[in-house]
Amino acid sequence: MTTLDTKLLRDLRRIWAQTLAIALVLGCGIMVLVGAQSTQRTLAGTQAAYYERHRFADVFAAMTRAPASVVAAAAEIDGVAQAEGRISLSAVLDIDGLDEPASARILSLPPEGATLNVPLLRRGRMPDPDRPDEVVVNEAFGEANALFPGDRFRGVLNGRLRTLEVTGWVLSPEFIYTIAPGSLMPDNRRYGLVWMNEAAAAAVHDMTGAVNDISLRLARGADERAVIARLDTLLDPFGGTGAYGRDRQMSHSFLDGEMQQLEVMATYMPPIFLIVSAFLVNMVLSRLIAMERAQIGLLKAVGYATREIAWHYLKLAMLIGVIGVLAGWVFGAWIGAAMISLYGDFFKFPFILRDPGWSALVLSAVLGLATAIAGGLRAVWASVRLPPAEAMSPPAPPSFSRGRIDRFLAALRLRQTTTMIFRSILRWPGRAAITLFGVSASVGVLVMSYFMFDAVGLIVDNVFERGNRQQVTLTLTNAAPQSAVQDAMTLPGVRAAEGGFAMPVRLTNGHRDRLSALSAQFAGNDLVRLIDDSGAVVAVPPEGVILPAMLARALDVEPGESLRIEMLAPPREVLQMPVAAVIRQGLGQEAYIAAPALFAAMRVAPQVNQIHLMVAADAMDALNAQVKVTPAVAGLSDWAEVRRQFDATLSENLLTMVGIYTLIGVLIAIGVVYNAARIQLAERSYELASLRVLGFTRGEVAFVLVGEMMLLTLVAIPIGWVLGYWLAVGLVGAMSTDVIQIPLLVTRRTYALAALAVFVASLASVLLVRRRLDKVDLAMALKARD
Amino acid sequence: MAGQGDKQAVFRTEGVTRVYRTGAVEVQALRGVDLALYEHEMVVLLGASGSGKSTLLNILGGLDLPTEGKVFFRDQELTRVSDARLTAFRRDHVGFVFQFYNLVPSLTARENVALVTEIARNPMTPEEALDRVGLKPRMDHFPAELSGGEQQRVAIARAIAKRPDVLLCDEPTGALDSKTGVQVLEALYEVNRDLGTATVLITHNATIRKIAHRVVVLADGRIKSDTVNSARVLPSEVSW
């Protein structure tokens with residue numbers, strides 16, 4: 001190691017606190033990059049391997065009833081490698097220890113075992129093909145209800161009460177993420193998947209020799225759109241509800257959405273941290289070089305070339321970069337592992353293929369070093385060019401000019417210490433700008449982070465408090481006349497009842513189409529209402545349909561344009577209707593229509609297939625018990641229970657998440673303010689010590705330092721609010737998926753919290769430096785001017 | 001330049017002028033200096049503050065360039081070479097000693113010397129250089145742990161470690177008391193005597209002139225007098 005390198009390490013040790021502050025900011029950016037990317041890669045790799053090993057299908061379709069021979073016909077479609085048919089039905093289950101009825105999807109298992117979407121046995125054994133009452137359930141459902149092999153439960157299957165015996169627990173690539181239809185989040189206690197023998201399922205559903213669900217695996221290079229079109233044509237006579245690819249498969253699209261969000265996080269957050277780090281390296285290195293001006297002159301005097309000296313200081317910058325990168329790797333790996341285990345609660349994989357994300361590691365190292373070098377280069381270059389004789393003489397005292405602003409300040413008759421604050425900012429506008437930028441970036445990152453909670457809160461508020469005020473929704477097995485609503489009033493504890501009707505449809509505009517549902521809006525309904533982003537009730541016009549913005553964008557239609565609506569359930573009419581309005585909505589992909597318009601087009605009397613209820617709190621048990629034995633009801637959603645779970649999950653994670661985001665966000669402010677204050681202290685210790693000699697108290701002297709930093713912080717906060725708002729706008733665009741449209745709403749509380757967190761962090765950082773100011777030895781400070 | 005004709009000139013300047021401009025102010029630091037320095041010679045450059053001594057020394061050492069005039073190191077014209085050649089010239093031929101020592105505070109005495117020996121062509125070891133100035137026992141101390149005189153002797157060790165052709169000292173005793181100042185002068189005296197290094201010593205302390213071979217007095221940017229010292233004394237015999 002050369003002597004110059006020895007100096008380098010000692011310099012670094014001397015400025016360790018500042019180095020650490022920068023390395024933490026840089027490390028944060030790297031951590032997010034590495035953590036998010038390794039998590040994303042791990043999920044993607046695990047997903048791909050799981051799909052491959054358990055033969056996850058590529059195309060899915062459901063129909064009313066088709067002869068089993070349709071499977072062979074589907075296998076003949078050009079591009080299809082394999083086809084498998086099965087029977088799928090929904091059921092209401094009565095589980096010991098669970099008051100409410102659980103709902104389930106029952107799937108048939110071919111006698112020779114499934115060849116697509118192959119379930120993986122985790123416990124017990126598969127059902128014996130000769131025992132019609134034996135079933136396996138998904139592992140999460142079994143676990144949540146303590147349904148072990150050998151345990152029994154009752155179910156209403158196609159209107160018949162049956163007792164079933166659990167023989168084992170399975171996982172399926174089709175249900176990595178399980179969510180009940182119409183639900184907001186997984187509920188493994190109240191929604192399960194049940195696999196039963198094909199013969200038994202056929203007997204239950206009167207489907208012997210028939211199927212109502214088909215899965216296809218495509219050959220390599222097959223045209224998915226063409227296959228879907230052919231399959232739709234094939235299934236149309238059998239009541240096909242529209243085939244779809246993996247992109248519309250619930251479990252797959254949720255997992256994909258999550259990975260997309262990780263991708264967004266990895267692209268969005270790190271640049272902010274890297275830019276701030278580059279400025280910090282620049283600031284600290286400029287200061288160091290200014291302080292070592294005489295040493296640089298000396299090195300030149302004894303014959304070191306400019307290039308060698310520049311390289312020496314650049315190495316220092318790079319070392320800071322290396323420390324930041326290493327810290328980022330360590331924390332990134334840790335946060336990645338934590339996220340994977342967190343995802344384990346929602347995504348059920350049989351195994352995890354950990355991917356450290358090598359490319360992220362390499363990319364982050366390159367970015368981290370480039371950041372440090374970019375920050376250092378300007379500082380180094382500006383300084384080492386000084387001719388040696390000039391470098392060795394002390395720098396000219398900073399010139400303070402009397403400009404217009406100065407005259408303005410004079411007119412204010414400020415105290416001299418206050419004037420010193422303003423002069424210092426005006427004299428070094430570049431440094432003040434870096435502090436401003438850093439602190440406002442900090443506020444911006446916090447606003448962006450907290451905004452996510454605002455958005456979720458708004459969605460929840462709109463869904464639960466405004467849009468869905470019912471306590472319970474019953475899903476009917478078949479559509480019923482409106483009189484069913486009156487019948488529902490006779491159920492235990494029901495105080496109010498409202499009907500609802502939804503029809504599966506395919507919406508088409510030109511070559512674009514989407515599978516969706518058309519929801520009838522009944523006039524006078526008070527429990528379930530159509531609500532937009534702002535929380536306002538949307539009036540449904542007598543003609544035409546209303547689309548949520550994401551769906552309208554996907555179909556490329558605007559209000560006034562015509563849309564083709566193909567009903568995928570009887571009477572299977574094809575309508576041509578104008579788009580009456582497009583609304584912004586947090587959740588939901590449904591199209592809405594006035595009930596009379598829909599039933600007129602269907603040429604039927606008004607019907608309902610959902611009933612929304614208000615129920616007396618003490619009557620829930622009786623209602624649950626009644627529903628468990630009512631064949632006309634296919635499922636029950638307890639909205640109060642869903643809300644309770646949603647809030648529980650949210651509050652469980654909320655504090656941790658807010659804590660992590662706050663820590664990451666304020667780190668920027670700490671790094672910037674601490675460094676700026678340290679530099680101020682170093683440069684002005686002579687001046688500040690002189691004030692003490694003149695008789696100013698420690699507090700009055702500290703005011704000059706603390707005041708400047710806090711003034712800059714106060715100015716930076718509103719800039720940060722604006723920055724944060726624009727980051728939120730970007731995030732809304734990047735993170736919204738077909739399923740969730742994130743509403744753009746930043747609450748005052750978010751702005752206030754972000755400002756408060758940054759203000760406190762800045763104050764703490766500058767007070768930390770103030771303690772050093774108190775310790776400055778007056779005599780020493782006055783003797784040595786540096 | 002009486003009596004020096006038989007020796008070879010190390011430095012020669014012809015009409016060197018240096019003007020500094022800071023903003024609107026123009027300062028004439030040198031106004032046409034013609035001077036020659038010879039091998040083995042110890043020259044004291046005397047003059048009041050602002051007389052141009054340091055400017056002249058910086059120009060001789062290749063730290064600064066004249067506004068007008070020529071400077072030769074042996075046969076090479078320093079005023080016509082690139083920055084890189086000037087750097088090489090300093091690295092290979094010149095040793096500097098400054099008033100405020102200019103040691104690197106984060107390096108020990110030995111490491112401060114090593115800073116130079118690592119890039120010199122034919123250096124002595126840091127230990128040998130420190131031994132010459134009597135600081136071998138304290139070589140692992142940091143500058144902050146050394147007295148002013150000791151720090152200056154480290155600076156001298158650093159300057160001579162590369163076996164320079166010329167040693168340029170700018171007020172080496174300026175920040176020191178008489179006793180430690182004498183120790184520093186002794187170190188310079190011995191280096192000049194034992195290694196034969198041509199030495200230029202700037203001072204405004206007239207007493208020090210007695211140890212030199214020749215005394216050049218600068219005033220107002222011009223050479224006021226240039227006299228050979230007939231009765232040279234040892235550093236231990238001077239005090240102030």
# chains A, B, ... in the order shown; residues from 1 in each chain; ligands from 1
$ interface_residues --of "chain A" --to "chain B" --cutoff "8 Å" --atoms "only C-alpha atoms" --output "list in words"
Thr2, Thr3, Leu4, Thr6, Lys7, Arg10, Asp11, Ala294, Gln295, Leu298, Lys300, Ala301, Val302, Gly303, Tyr304, Ala305, Pro387, Pro388 and Ala389 of chain A
$ write_last_selection --atoms "N, CA and C atoms" --output "PDB file, in the first residue's frame"
ATOM      1  N   THR A   2       0.571   2.184  -0.855  1.00  0.00           N
ATOM      2  CA  THR A   2       1.385   3.396  -0.903  1.00  0.00           C
ATOM      3  C   THR A   2       1.015   4.315   0.269  1.00  0.00           C
ATOM      4  N   THR A   3       1.919   5.254   0.520  1.00  0.00           N
ATOM      5  CA  THR A   3       1.687   6.190   1.616  1.00  0.00           C
ATOM      6  C   THR A   3       0.424   7.012   1.361  1.00  0.00           C
ATOM      7  N   LEU A   4       0.209   7.313   0.076  1.00  0.00           N
ATOM      8  CA  LEU A   4      -0.967   8.099  -0.267  1.00  0.00           C
ATOM      9  C   LEU A   4      -2.239   7.321   0.090  1.00  0.00           C
ATOM     10  N   THR A   6      -2.415   5.162   2.490  1.00  0.00           N
ATOM     11  CA  THR A   6      -2.518   5.218   3.951  1.00  0.00           C
ATOM     12  C   THR A   6      -3.259   6.490   4.353  1.00  0.00           C
ATOM     13  N   LYS A   7      -2.871   7.582   3.720  1.00  0.00           N
ATOM     14  CA  LYS A   7      -3.528   8.864   3.990  1.00  0.00           C
ATOM     15  C   LYS A   7      -5.025   8.752   3.696  1.00  0.00           C
ATOM     16  N   ARG A  10      -6.854   6.990   6.415  1.00  0.00           N
ATOM     17  CA  ARG A  10      -6.948   7.802   7.631  1.00  0.00           C
ATOM     18  C   ARG A  10      -7.933   8.955   7.421  1.00  0.00           C
ATOM     19  N   ASP A  11      -7.929   9.532   6.208  1.00  0.00           N
ATOM     20  CA  ASP A  11      -8.914  10.596   5.901  1.00  0.00           C
ATOM     21  C   ASP A  11     -10.320  10.059   6.089  1.00  0.00           C
ATOM     22  N   ALA A 294      -3.811  23.012   1.004  1.00  0.00           N
ATOM     23  CA  ALA A 294      -2.367  23.151   1.189  1.00  0.00           C
ATOM     24  C   ALA A 294      -1.659  21.819   0.933  1.00  0.00           C
ATOM     25  N   GLN A 295      -2.301  20.738   1.343  1.00  0.00           N
ATOM     26  CA  GLN A 295      -1.684  19.424   1.129  1.00  0.00           C
ATOM     27  C   GLN A 295      -1.606  19.092  -0.350  1.00  0.00           C
ATOM     28  N   LEU A 298       1.204  20.938  -1.701  1.00  0.00           N
ATOM     29  CA  LEU A 298       2.444  20.276  -1.305  1.00  0.00           C
ATOM     30  C   LEU A 298       2.722  19.062  -2.174  1.00  0.00           C
ATOM     31  N   LYS A 300       1.805  18.521  -5.085  1.00  0.00           N
ATOM     32  CA  LYS A 300       2.256  18.992  -6.402  1.00  0.00           C
ATOM     33  C   LYS A 300       3.682  19.490  -6.317  1.00  0.00           C
ATOM     34  N   ALA A 301       3.983  20.187  -5.226  1.00  0.00           N
ATOM     35  CA  ALA A 301       5.324  20.741  -5.072  1.00  0.00           C
ATOM     36  C   ALA A 301       6.373  19.635  -5.044  1.00  0.00           C
ATOM     37  N   VAL A 302       6.036  18.515  -4.383  1.00  0.00           N
ATOM     38  CA  VAL A 302       7.032  17.448  -4.320  1.00  0.00           C
ATOM     39  C   VAL A 302       6.993  16.550  -5.542  1.00  0.00           C
ATOM     40  N   GLY A 303       6.155  16.847  -6.505  1.00  0.00           N
ATOM     41  CA  GLY A 303       6.260  16.164  -7.784  1.00  0.00           C
ATOM     42  C   GLY A 303       5.146  15.198  -8.126  1.00  0.00           C
ATOM     43  N   TYR A 304       4.063  15.182  -7.350  1.00  0.00           N
ATOM     44  CA  TYR A 304       2.939  14.355  -7.757  1.00  0.00           C
ATOM     45  C   TYR A 304       2.207  15.034  -8.895  1.00  0.00           C
ATOM     46  N   ALA A 305       1.822  14.262  -9.895  1.00  0.00           N
ATOM     47  CA  ALA A 305       1.121  14.836 -11.038  1.00  0.00           C
ATOM     48  C   ALA A 305      -0.345  15.067 -10.662  1.00  0.00           C
ATOM     49  N   PRO A 387      -2.911  25.836  -9.545  1.00  0.00           N
ATOM     50  CA  PRO A 387      -1.450  25.800  -9.575  1.00  0.00           C
ATOM     51  C   PRO A 387      -0.935  25.630  -8.141  1.00  0.00           C
ATOM     52  N   PRO A 388       0.162  24.887  -7.975  1.00  0.00           N
ATOM     53  CA  PRO A 388       0.607  24.543  -6.629  1.00  0.00           C
ATOM     54  C   PRO A 388       0.833  25.746  -5.727  1.00  0.00           C
ATOM     55  N   ALA A 389       1.433  26.825  -6.261  1.00  0.00           N
ATOM     56  CA  ALA A 389       1.740  27.954  -5.388  1.00  0.00           C
ATOM     57  C   ALA A 389       0.458  28.562  -4.845  1.00  0.00           C
TER      58      ALA A 389
END
$ residues_around --residues "A:Gly671" --least-positions-apart "5" --cutoff "12 Å" --atoms "only C-alpha atoms" --output "PyMOL selection string"
chain A and resi 17-28+273+276-281+283-284+434-435+438-439+441-442+663-666+676-678+758+761-762+764-766
$ write_last_selection --atoms "N, CA and C atoms" --output "short mmCIF file (atom, residue, chain, number, x, y, z; two decimals), in the first residue's frame"
data_model
loop_
_atom_site.label_atom_id
_atom_site.label_comp_id
_atom_site.auth_asym_id
_atom_site.auth_seq_id
_atom_site.Cartn_x
_atom_site.Cartn_y
_atom_site.Cartn_z
N ALA A 17 -18.18 9.68 10.27
CA ALA A 17 -19.61 9.94 10.50
C ALA A 17 -20.27 10.44 9.21
N GLN A 18 -19.55 11.32 8.51
CA GLN A 18 -20.10 11.84 7.24
C GLN A 18 -20.15 10.74 6.19
N THR A 19 -19.08 9.93 6.15
CA THR A 19 -19.06 8.80 5.22
C THR A 19 -20.24 7.88 5.47
N LEU A 20 -20.48 7.60 6.74
CA LEU A 20 -21.58 6.72 7.11
C LEU A 20 -22.92 7.30 6.66
N ALA A 21 -23.07 8.60 6.89
CA ALA A 21 -24.33 9.25 6.51
C ALA A 21 -24.57 9.11 5.00
N ILE A 22 -23.51 9.30 4.21
CA ILE A 22 -23.67 9.16 2.76
C ILE A 22 -23.91 7.69 2.40
N ALA A 23 -23.09 6.81 3.01
CA ALA A 23 -23.20 5.39 2.68
C ALA A 23 -24.60 4.87 3.00
N LEU A 24 -25.23 5.41 4.05
CA LEU A 24 -26.58 4.97 4.40
C LEU A 24 -27.59 5.39 3.34
N VAL A 25 -27.45 6.63 2.87
CA VAL A 25 -28.38 7.10 1.83
C VAL A 25 -28.20 6.27 0.56
N LEU A 26 -26.92 6.12 0.17
CA LEU A 26 -26.63 5.33 -1.03
C LEU A 26 -27.09 3.90 -0.81
N GLY A 27 -26.78 3.37 0.38
CA GLY A 27 -27.13 1.98 0.71
C GLY A 27 -28.63 1.76 0.64
N CYS A 28 -29.40 2.75 1.04
CA CYS A 28 -30.86 2.66 0.99
C CYS A 28 -31.34 2.44 -0.44
N PHE A 273 -32.40 8.24 -4.37
CA PHE A 273 -31.33 8.06 -3.38
C PHE A 273 -29.96 8.24 -4.04
N VAL A 276 -29.24 11.98 -4.67
CA VAL A 276 -28.89 12.67 -3.43
C VAL A 276 -27.48 12.27 -2.98
N SER A 277 -27.16 10.96 -3.08
CA SER A 277 -25.83 10.50 -2.67
C SER A 277 -24.74 11.19 -3.48
N ALA A 278 -24.98 11.32 -4.78
CA ALA A 278 -23.97 11.95 -5.64
C ALA A 278 -23.72 13.38 -5.15
N PHE A 279 -24.80 14.10 -4.83
CA PHE A 279 -24.63 15.47 -4.32
C PHE A 279 -23.88 15.47 -3.00
N LEU A 280 -24.18 14.49 -2.16
CA LEU A 280 -23.53 14.44 -0.86
C LEU A 280 -22.04 14.17 -1.01
N VAL A 281 -21.70 13.22 -1.88
CA VAL A 281 -20.28 12.94 -2.12
C VAL A 281 -19.59 14.20 -2.60
N MET A 283 -20.47 17.29 -2.05
CA MET A 283 -20.40 18.28 -0.99
C MET A 283 -19.25 17.96 -0.03
N VAL A 284 -19.19 16.71 0.40
CA VAL A 284 -18.19 16.33 1.40
C VAL A 284 -16.79 16.36 0.80
N ILE A 434 -28.17 22.20 -2.69
CA ILE A 434 -28.05 20.75 -2.46
C ILE A 434 -28.85 20.37 -1.21
N THR A 435 -28.71 21.20 -0.16
CA THR A 435 -29.45 20.91 1.07
C THR A 435 -30.95 20.97 0.78
N GLY A 438 -31.96 17.91 -1.24
CA GLY A 438 -31.95 16.69 -0.44
C GLY A 438 -33.12 16.62 0.51
N VAL A 439 -33.36 17.72 1.21
CA VAL A 439 -34.44 17.71 2.20
C VAL A 439 -35.79 17.58 1.49
N ALA A 441 -36.30 16.13 -1.36
CA ALA A 441 -36.41 14.75 -1.84
C ALA A 441 -36.89 13.85 -0.71
N SER A 442 -36.38 14.13 0.47
CA SER A 442 -36.77 13.35 1.64
C SER A 442 -38.28 13.49 1.89
N LEU A 663 -38.19 5.56 8.00
CA LEU A 663 -36.74 5.44 8.21
C LEU A 663 -35.99 5.71 6.91
N ILE A 664 -36.44 5.04 5.84
CA ILE A 664 -35.79 5.21 4.55
C ILE A 664 -35.88 6.67 4.10
N GLY A 665 -37.08 7.24 4.27
CA GLY A 665 -37.30 8.61 3.80
C GLY A 665 -36.48 9.63 4.57
N VAL A 666 -36.46 9.52 5.91
CA VAL A 666 -35.76 10.55 6.67
C VAL A 666 -34.24 10.37 6.58
N ALA A 676 -24.16 18.78 5.71
CA ALA A 676 -24.10 20.23 5.48
C ALA A 676 -23.71 20.95 6.77
N ALA A 677 -24.26 20.50 7.90
CA ALA A 677 -23.96 21.16 9.17
C ALA A 677 -22.51 20.92 9.57
N ARG A 678 -22.02 19.69 9.34
CA ARG A 678 -20.62 19.41 9.69
C ARG A 678 -19.68 20.30 8.88
N VAL A 758 -39.56 14.89 8.61
CA VAL A 758 -38.33 15.47 8.08
C VAL A 758 -37.84 16.61 8.98
N ALA A 761 -36.17 15.02 11.92
CA ALA A 761 -34.91 14.40 11.54
C ALA A 761 -33.83 15.47 11.30
N SER A 762 -34.21 16.56 10.65
CA SER A 762 -33.25 17.64 10.38
C SER A 762 -32.78 18.25 11.68
N ALA A 764 -32.77 16.95 14.67
CA ALA A 764 -31.92 16.02 15.41
C ALA A 764 -30.52 15.99 14.82
N SER A 765 -30.42 15.99 13.48
CA SER A 765 -29.11 15.94 12.83
C SER A 765 -28.30 17.18 13.16
N VAL A 766 -28.93 18.33 13.09
CA VAL A 766 -28.17 19.56 13.28
C VAL A 766 -27.83 19.72 14.77
#
$ select_by_dssp --residues "stretch 414-583 of chain A" --states "alpha helix (DSSP H)" --output "PyMOL selection string"
chain A and resi 416-427+429-460+483-488+549-555
$ atom_distance --atom1 "atom CA of A:Leu555" --atom2 "atom CA of A:Ala517"
14.2 Å
$ select_by_dssp --residues "stretch 602-729 of chain A" --states "strand (DSSP E)" --output "list in words"
Gln607, Val608, Asn609, Gln610, Ile611, His612, Leu613, Met614, Val615, Val633, Ala634, Gly635, Leu636, Ser637 and Asp638 of chain A
$ closest_residue --among "A:Pro149, A:Gly376, A:Gly155, A:Pro119" --to "A:Arg287" --atoms "only C-alpha atoms"
A:Gly376
$ residues_around --residues "stretch 175-177 of chain B" --least-positions-apart "4" --cutoff "7 Å" --atoms "only C-alpha atoms" --output "list in words"
Gln99, Phe100, Gly148, Gly149 and Gly181 of chain B
$ residues_around --residues "stretch 203-205 of chain B" --least-positions-apart "3" --cutoff "10 Å" --atoms "only C-alpha atoms" --output "list of chain:residue names"
B:Val44, B:Leu45, B:Leu46, B:Gly47, B:Ala48, B:Ser49, B:Ser51, B:Lys53, B:Ser54, B:Gln99, B:Cys169, B:Asp170, B:Glu171, B:Pro172, B:Thr173, B:Gly174, B:Val200, B:Ile208, B:Arg209, B:Val217, B:Trp240
$ residues_around --residues "stretch 135-144 of chain A" --least-positions-apart "6" --cutoff "7 Å" --atoms "only C-alpha atoms" --output "list in words"
Met126, Pro127, Leu164, Glu165, Val166, Thr167, Gly168, Trp169, Val170, Leu171, Asn188, Arg189, Gly192, Leu193, Val194, Trp195 and Met196 of chain A
$ atom_distance --atom1 "atom CA of A:Ala290" --atom2 "atom CA of A:Lys775"
23.0 Å
$ closest_residue --among "B:Val43, B:Ala155, B:Leu57, B:Leu195" --to "B:Val215" --atoms "only C-alpha atoms"
B:Val43
$ atom_distance --atom1 "atom CA of A:Ala581" --atom2 "atom CA of A:Glu558"
7.9 Å
